[in-house]
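Shown here: run-v2.cif, mmCIF, C-alpha atoms.
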```cif
data_input
loop_
_atom_site.group_PDB
_atom_site.id
_atom_site.type_symbol
_atom_site.label_atom_id
_atom_site.label_comp_id
_atom_site.auth_asym_id
_atom_site.auth_seq_id
_atom_site.Cartn_x
_atom_site.Cartn_y
_atom_site.Cartn_z
ATOM 1 C CA MET A 1 1.649 27.915 72.234
ATOM 2 C CA ARG A 2 1.143 25.912 75.419
ATOM 3 C CA TRP A 3 3.108 26.092 78.652
ATOM 4 C CA SER A 4 3.823 23.319 81.096
ATOM 5 C CA ARG A 5 5.110 23.638 84.652
ATOM 6 C CA PHE A 6 8.143 21.705 85.857
ATOM 7 C CA VAL A 7 10.342 21.611 88.909
ATOM 8 C CA PRO A 8 13.814 23.216 88.695
ATOM 9 C CA GLY A 9 15.388 19.768 88.110
ATOM 10 C CA ALA A 10 13.801 19.772 84.661
ATOM 11 C CA LEU A 11 16.497 22.219 83.599
ATOM 12 C CA LEU A 12 18.804 19.213 83.444
ATOM 13 C CA ALA A 13 16.427 17.573 80.996
ATOM 14 C CA LEU A 14 16.930 20.483 78.645
ATOM 15 C CA GLY A 15 20.631 19.681 78.373
ATOM 16 C CA GLY A 16 20.219 17.507 75.287
ATOM 17 C CA VAL A 17 18.562 20.333 73.391
ATOM 18 C CA LEU A 18 21.222 22.850 74.347
ATOM 19 C CA ALA A 19 24.026 20.388 73.606
ATOM 20 C CA CYS A 20 22.808 20.303 70.003
ATOM 21 C CA GLY A 21 23.219 24.053 69.765
ATOM 22 C CA GLY A 22 19.529 24.693 70.242
ATOM 23 C CA VAL A 23 18.491 22.205 67.578
ATOM 24 C CA VAL A 24 16.419 19.269 68.781
ATOM 25 C CA SER A 25 17.830 16.784 66.299
ATOM 26 C CA CYS A 26 21.602 16.830 65.926
ATOM 27 C CA GLY A 27 21.278 14.441 63.001
ATOM 28 C CA GLY A 28 20.016 16.948 60.410
ATOM 29 C CA ASP A 29 16.533 15.504 59.757
ATOM 30 C CA ASP A 30 15.366 16.635 56.300
ATOM 31 C CA GLU A 31 12.324 14.346 56.140
ATOM 32 C CA GLY A 32 9.910 16.867 57.656
ATOM 33 C CA PRO A 33 8.416 16.904 61.125
ATOM 34 C CA PRO A 34 8.883 13.754 63.222
ATOM 35 C CA ARG A 35 6.124 11.154 63.507
ATOM 36 C CA VAL A 36 4.892 9.461 66.676
ATOM 37 C CA THR A 37 3.362 5.974 66.739
ATOM 38 C CA PHE A 38 0.507 4.933 69.036
ATOM 39 C CA ALA A 39 -0.287 1.206 69.333
ATOM 40 C CA ALA A 40 -2.954 -0.715 71.268
ATOM 41 C CA ALA A 41 -5.245 -3.721 70.988
ATOM 42 C CA GLY A 42 -3.484 -5.051 67.894
ATOM 43 C CA GLY A 43 -3.681 -1.792 65.939
ATOM 44 C CA SER A 44 -1.382 1.171 65.440
ATOM 45 C CA VAL A 45 -1.436 4.638 63.899
ATOM 46 C CA THR A 46 1.303 7.125 63.114
ATOM 47 C CA ALA A 47 0.742 10.821 63.714
ATOM 48 C CA THR A 48 2.347 13.949 62.360
ATOM 49 C CA PRO A 49 2.404 16.973 64.705
ATOM 50 C CA THR A 50 -0.742 18.987 65.291
ATOM 51 C CA GLN A 51 1.626 21.791 66.339
ATOM 52 C CA TYR A 52 5.275 22.072 65.357
ATOM 53 C CA CYS A 53 7.578 24.973 66.241
ATOM 54 C CA ASP A 54 11.253 25.761 66.035
ATOM 55 C CA VAL A 55 13.201 24.956 69.203
ATOM 56 C CA GLN A 56 12.825 28.544 70.475
ATOM 57 C CA VAL A 57 9.024 28.209 70.003
ATOM 58 C CA GLN A 58 8.982 31.347 67.841
ATOM 59 C CA ASP A 59 7.992 29.992 64.412
ATOM 60 C CA CYS A 60 5.031 27.627 64.755
ATOM 61 C CA ARG A 61 2.747 25.793 62.379
ATOM 62 C CA ALA A 62 -0.520 24.103 63.283
ATOM 63 C CA ASP A 63 -2.250 21.199 61.562
ATOM 64 C CA PRO A 64 -5.394 20.220 63.480
ATOM 65 C CA ASP A 65 -6.101 17.558 60.834
ATOM 66 C CA ALA A 66 -2.938 15.687 61.899
ATOM 67 C CA ALA A 67 -4.713 14.121 64.905
ATOM 68 C CA VAL A 68 -5.197 10.381 64.480
ATOM 69 C CA ALA A 69 -7.755 7.920 65.901
ATOM 70 C CA LEU A 70 -7.446 4.357 67.147
ATOM 71 C CA ARG A 71 -10.030 1.981 68.586
ATOM 72 C CA VAL A 72 -9.019 1.132 72.173
ATOM 73 C CA PRO A 73 -11.209 -0.805 74.655
ATOM 74 C CA PRO A 74 -11.460 0.279 78.311
ATOM 75 C CA GLY A 75 -8.470 -0.625 80.462
ATOM 76 C CA THR A 76 -6.204 -1.257 77.472
ATOM 77 C CA PRO A 77 -2.637 0.120 77.614
ATOM 78 C CA ILE A 78 -1.307 2.238 74.763
ATOM 79 C CA GLU A 79 2.304 2.035 73.613
ATOM 80 C CA VAL A 80 3.728 5.409 72.553
ATOM 81 C CA SER A 81 6.895 5.383 70.414
ATOM 82 C CA VAL A 82 8.800 8.538 69.494
ATOM 83 C CA PRO A 83 11.763 8.937 67.131
ATOM 84 C CA SER A 84 15.144 10.201 68.335
ATOM 85 C CA SER A 85 14.347 13.683 67.025
ATOM 86 C CA VAL A 86 11.627 13.823 69.708
ATOM 87 C CA SER A 87 13.397 11.921 72.507
ATOM 88 C CA GLU A 88 16.527 14.105 72.198
ATOM 89 C CA ALA A 89 14.505 16.803 73.989
ATOM 90 C CA PRO A 90 12.354 16.609 77.131
ATOM 91 C CA TRP A 91 8.897 15.153 76.423
ATOM 92 C CA GLN A 92 5.856 13.791 78.228
ATOM 93 C CA VAL A 93 2.484 12.162 77.628
ATOM 94 C CA VAL A 94 -0.720 13.971 78.618
ATOM 95 C CA PHE A 95 -3.976 12.020 78.599
ATOM 96 C CA ARG A 96 -7.641 12.210 79.484
ATOM 97 C CA TYR A 97 -9.765 9.281 80.608
ATOM 98 C CA ARG A 98 -13.242 8.678 82.005
ATOM 99 C CA THR A 99 -14.562 6.243 84.545
ATOM 100 C CA PRO A 100 -17.784 4.226 84.091
ATOM 101 C CA ASP A 101 -19.712 6.853 86.086
ATOM 102 C CA GLY A 102 -18.714 9.489 83.471
ATOM 103 C CA THR A 103 -16.089 11.323 85.543
ATOM 104 C CA LYS A 104 -13.387 12.746 83.260
ATOM 105 C CA THR A 105 -9.837 13.248 84.503
ATOM 106 C CA GLN A 106 -6.738 14.648 82.840
ATOM 107 C CA ALA A 107 -3.311 13.374 83.900
ATOM 108 C CA ARG A 108 0.251 13.215 82.623
ATOM 109 C CA SER A 109 3.328 11.068 82.739
ATOM 110 C CA ASN A 110 6.557 12.220 84.272
ATOM 111 C CA VAL A 111 8.727 14.360 82.036
ATOM 112 C CA PHE A 112 11.309 12.236 80.258
ATOM 113 C CA ALA A 113 14.735 13.841 80.158
ATOM 114 C CA ALA A 114 16.490 14.393 76.850
ATOM 115 C CA GLY A 115 17.795 11.069 75.551
ATOM 116 C CA GLN A 116 16.214 9.103 78.431
ATOM 117 C CA ARG A 117 13.712 6.985 76.489
ATOM 118 C CA SER A 118 11.960 6.622 73.160
ATOM 119 C CA SER A 119 8.825 4.788 74.244
ATOM 120 C CA TYR A 120 6.265 4.839 77.011
ATOM 121 C CA THR A 121 3.447 2.471 77.917
ATOM 122 C CA LEU A 122 0.387 4.383 79.091
ATOM 123 C CA THR A 123 -1.632 2.105 81.354
ATOM 124 C CA PRO A 124 -5.098 3.383 82.316
ATOM 125 C CA PRO A 125 -5.358 4.103 86.050
ATOM 126 C CA ALA A 126 -8.151 1.540 86.510
ATOM 127 C CA GLU A 127 -9.179 -1.618 84.688
ATOM 128 C CA ASP A 128 -12.470 -0.057 83.583
ATOM 129 C CA ALA A 129 -11.115 3.432 82.732
ATOM 130 C CA GLN A 130 -11.620 4.489 79.125
ATOM 131 C CA LEU A 131 -8.816 6.572 77.643
ATOM 132 C CA GLU A 132 -10.225 9.408 75.501
ATOM 133 C CA THR A 133 -7.192 11.340 74.251
ATOM 134 C CA VAL A 134 -3.439 10.895 74.385
ATOM 135 C CA GLU A 135 -1.047 13.710 73.521
ATOM 136 C CA VAL A 136 2.730 13.624 73.253
ATOM 137 C CA GLN A 137 4.297 16.977 74.105
ATOM 138 C CA GLN A 138 7.881 17.871 73.241
ATOM 139 C CA PHE A 139 9.353 20.914 74.946
ATOM 140 C CA GLY A 140 11.442 23.711 73.466
ATOM 141 C CA THR A 141 14.086 25.929 75.017
ATOM 142 C CA SER A 142 11.744 28.837 75.751
ATOM 143 C CA MET A 143 11.138 29.065 79.516
ATOM 144 C CA VAL A 144 9.810 31.432 82.163
ATOM 145 C CA PRO A 145 11.163 31.204 85.751
ATOM 146 C CA ARG A 146 8.536 30.790 88.466
ATOM 147 C CA GLU A 147 8.804 30.784 92.248
ATOM 148 C CA ASP A 148 8.017 27.051 92.364
ATOM 149 C CA GLY A 149 9.897 25.990 89.227
ATOM 150 C CA VAL A 150 10.021 26.811 85.547
ATOM 151 C CA ASP A 151 7.433 26.878 82.762
ATOM 152 C CA PHE A 152 8.567 25.461 79.422
ATOM 153 C CA ALA A 153 6.833 26.090 76.118
ATOM 154 C CA THR A 154 5.493 23.085 74.266
ATOM 155 C CA ARG A 155 7.367 22.913 70.976
ATOM 156 C CA ALA A 156 5.392 20.118 69.316
ATOM 157 C CA THR A 157 2.325 17.980 69.969
ATOM 158 C CA TRP A 158 1.026 14.733 68.506
ATOM 159 C CA VAL A 159 -2.599 13.813 69.288
ATOM 160 C CA LEU A 160 -4.437 10.483 69.428
ATOM 161 C CA SER A 161 -8.225 10.456 69.809
ATOM 162 C CA ILE A 162 -9.607 7.212 71.158
ATOM 163 C CA ASP A 163 -12.437 5.527 69.259
ATOM 164 C CA ASP A 164 -14.338 3.740 72.036
ATOM 165 C CA ARG A 165 -17.291 2.409 70.041
ATOM 166 C CA THR A 166 -18.184 -1.127 70.995
#
```
As structure tokens - that is how I would like this structure written.
Amino acid sequence: MRWSRFVPGALLALGGVLACGGVVSCGGDDEGPPRVTFAAAGGSVTATPTQYCDVQVQDCRADPDAAVALRVPPGTPIEVSVPSSVSEAPWQVVFRYRTPDGTKTQARSNVFAAGQRSSYTLTPPAEDAQLETVEVQQFGTSMVPREDGVDFATRATWVLSIDDRT
């Protein structure tokens, strides 16, 4: 189980989860865990979760083989699309990239509030930056108050590994 730190305003983002009675998808999804699509450079892949827990982040299952790969040249944006069963809860995109000198940096998007959006375009921070991994994180209702905000447990993750062979 992973934890992510947010500011107190992120409590509002959790409203969509709580409005569904603690269930992320109000629509009764019986098709299994949601899938996330990553697209770039004319290709796309669809991932199942590498981690998937109930909304309270108590009952979790891991599938490290669910990570997908996509060939993406340096500086190329990646389009991330999530289904409503993911976007009905707070989510964000975490990514790692490297610069031509080999420096590796991890960064993240803003947290998207429940119901705010179902796609995100990840643009590398520099024209020559090579994305290495992209991870979508959906948050559950489990939280721990902190002096500077709140930590939320990551309910589910979908992972893209970048194939950067030339």
* To do: Mind checking which residues fall within 12 Å of Arg117 of chain A, counting all atoms listed in the file, ignoring those fewer than 5 positions away in the same chain, and posting them as a ChimeraX atom specification?
  => /A:13,80-92,110-112
* To do: Please provide as a PyMOL selection string all residues within 6 Å of Ala156 of chain A, with the sequence filter that same-chain residues fewer than 5 positions apart are discarded (counting all atoms listed in the file).
  => chain A and resi 51-52+137-138
Could the residues in this selection be written to a file with C-alpha atoms, as an mmCIF file, in the frame of the given file?
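Output saved as out.cif:
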```
data_model
loop_
_atom_site.group_PDB
_atom_site.id
_atom_site.type_symbol
_atom_site.label_atom_id
_atom_site.label_comp_id
_atom_site.auth_asym_id
_atom_site.auth_seq_id
_atom_site.Cartn_x
_atom_site.Cartn_y
_atom_site.Cartn_z
ATOM 1 C CA GLN A 51 1.626 21.791 66.339
ATOM 2 C CA TYR A 52 5.275 22.072 65.357
ATOM 3 C CA GLN A 137 4.297 16.977 74.105
ATOM 4 C CA GLN A 138 7.881 17.871 73.241
#
```
* Mind giving me the straight-line distance from atom CA of Gly43 of chain A to atom CA of Gln106 of chain A in Å, one decimal? => 23.8 Å
* Quick one: distance from atom CA of Val55 of chain A to atom CA of Arg155 of chain A in Å, one decimal? ->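 Calculated distance between atom CA of Val55 of chain A and atom CA of Arg155 of chain A is 6.4 Å.
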* To do: Could you jot down the atom CA of Pro100 of chain A to atom CA of Leu131 of chain A separation for me, Å, one decimal place?
  =>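 Interatomic distance, atom CA of Pro100 of chain A to atom CA of Leu131 of chain A: 11.3 Å.
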* Which of these residues is nearest to Phe152 of chain A, using all atoms listed in the file: A:Ala129, A:Ile78, A:Val68, A:Val57? ->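 Of all the options, A:Val57 lies closest to Phe152 of chain A.
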* To do: Might you spell out which residues the PyMOL selection byres ((chain A and resi 164) around 12) would select in the displayed file, as an MDAnalysis selection string?
  => chainID A and resid 41 69:76 97:98 129:133 161:163 165:166
* Please write the residues picked by the PyMOL selection byres ((chain A and resi 134-136) around 6) on this file as a list of chain:residue names. =>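 Applied to this file, the PyMOL selection byres ((chain A and resi 134-136) around 6) selects A:Gln92, A:Val93, A:Val94, A:Phe95, A:Thr133, A:Gln137, A:Thr157, A:Trp158, A:Val159, A:Leu160.
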Contact residues around Thr48 of chain A with all atoms listed in the file at 8 Å, ignoring same-chain residues under 5 positions, as a PDB file with C-alpha atoms, in the frame of the given file:
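Wrote it out as around-v1.pdb, contents follow:
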```
ATOM      1  CA  PRO A  33       8.416  16.904  61.125  1.00  0.00           C
ATOM      2  CA  PRO A  34       8.883  13.754  63.222  1.00  0.00           C
ATOM      3  CA  ARG A  35       6.124  11.154  63.507  1.00  0.00           C
ATOM      4  CA  VAL A  36       4.892   9.461  66.676  1.00  0.00           C
ATOM      5  CA  ALA A  66      -2.938  15.687  61.899  1.00  0.00           C
ATOM      6  CA  ALA A  67      -4.713  14.121  64.905  1.00  0.00           C
ATOM      7  CA  TRP A 158       1.026  14.733  68.506  1.00  0.00           C
TER       8      TRP A 158
END
```
* **From A:Pro145, A:Thr50, A:Val150, A:Thr99, residue lying nearest Pro125 of chain A [all atoms listed in the file]** =>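 Answer, going by the shortest atom-to-atom distance: A:Thr99.
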* To do: Determine the nearest neighbour of Asp54 of chain A from the options A:Gln116, A:Gly149, A:Thr141, A:Leu122, counting all atoms listed in the file.
  =>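 Residue with the minimum atom-to-atom distance to Asp54 of chain A: A:Thr141.
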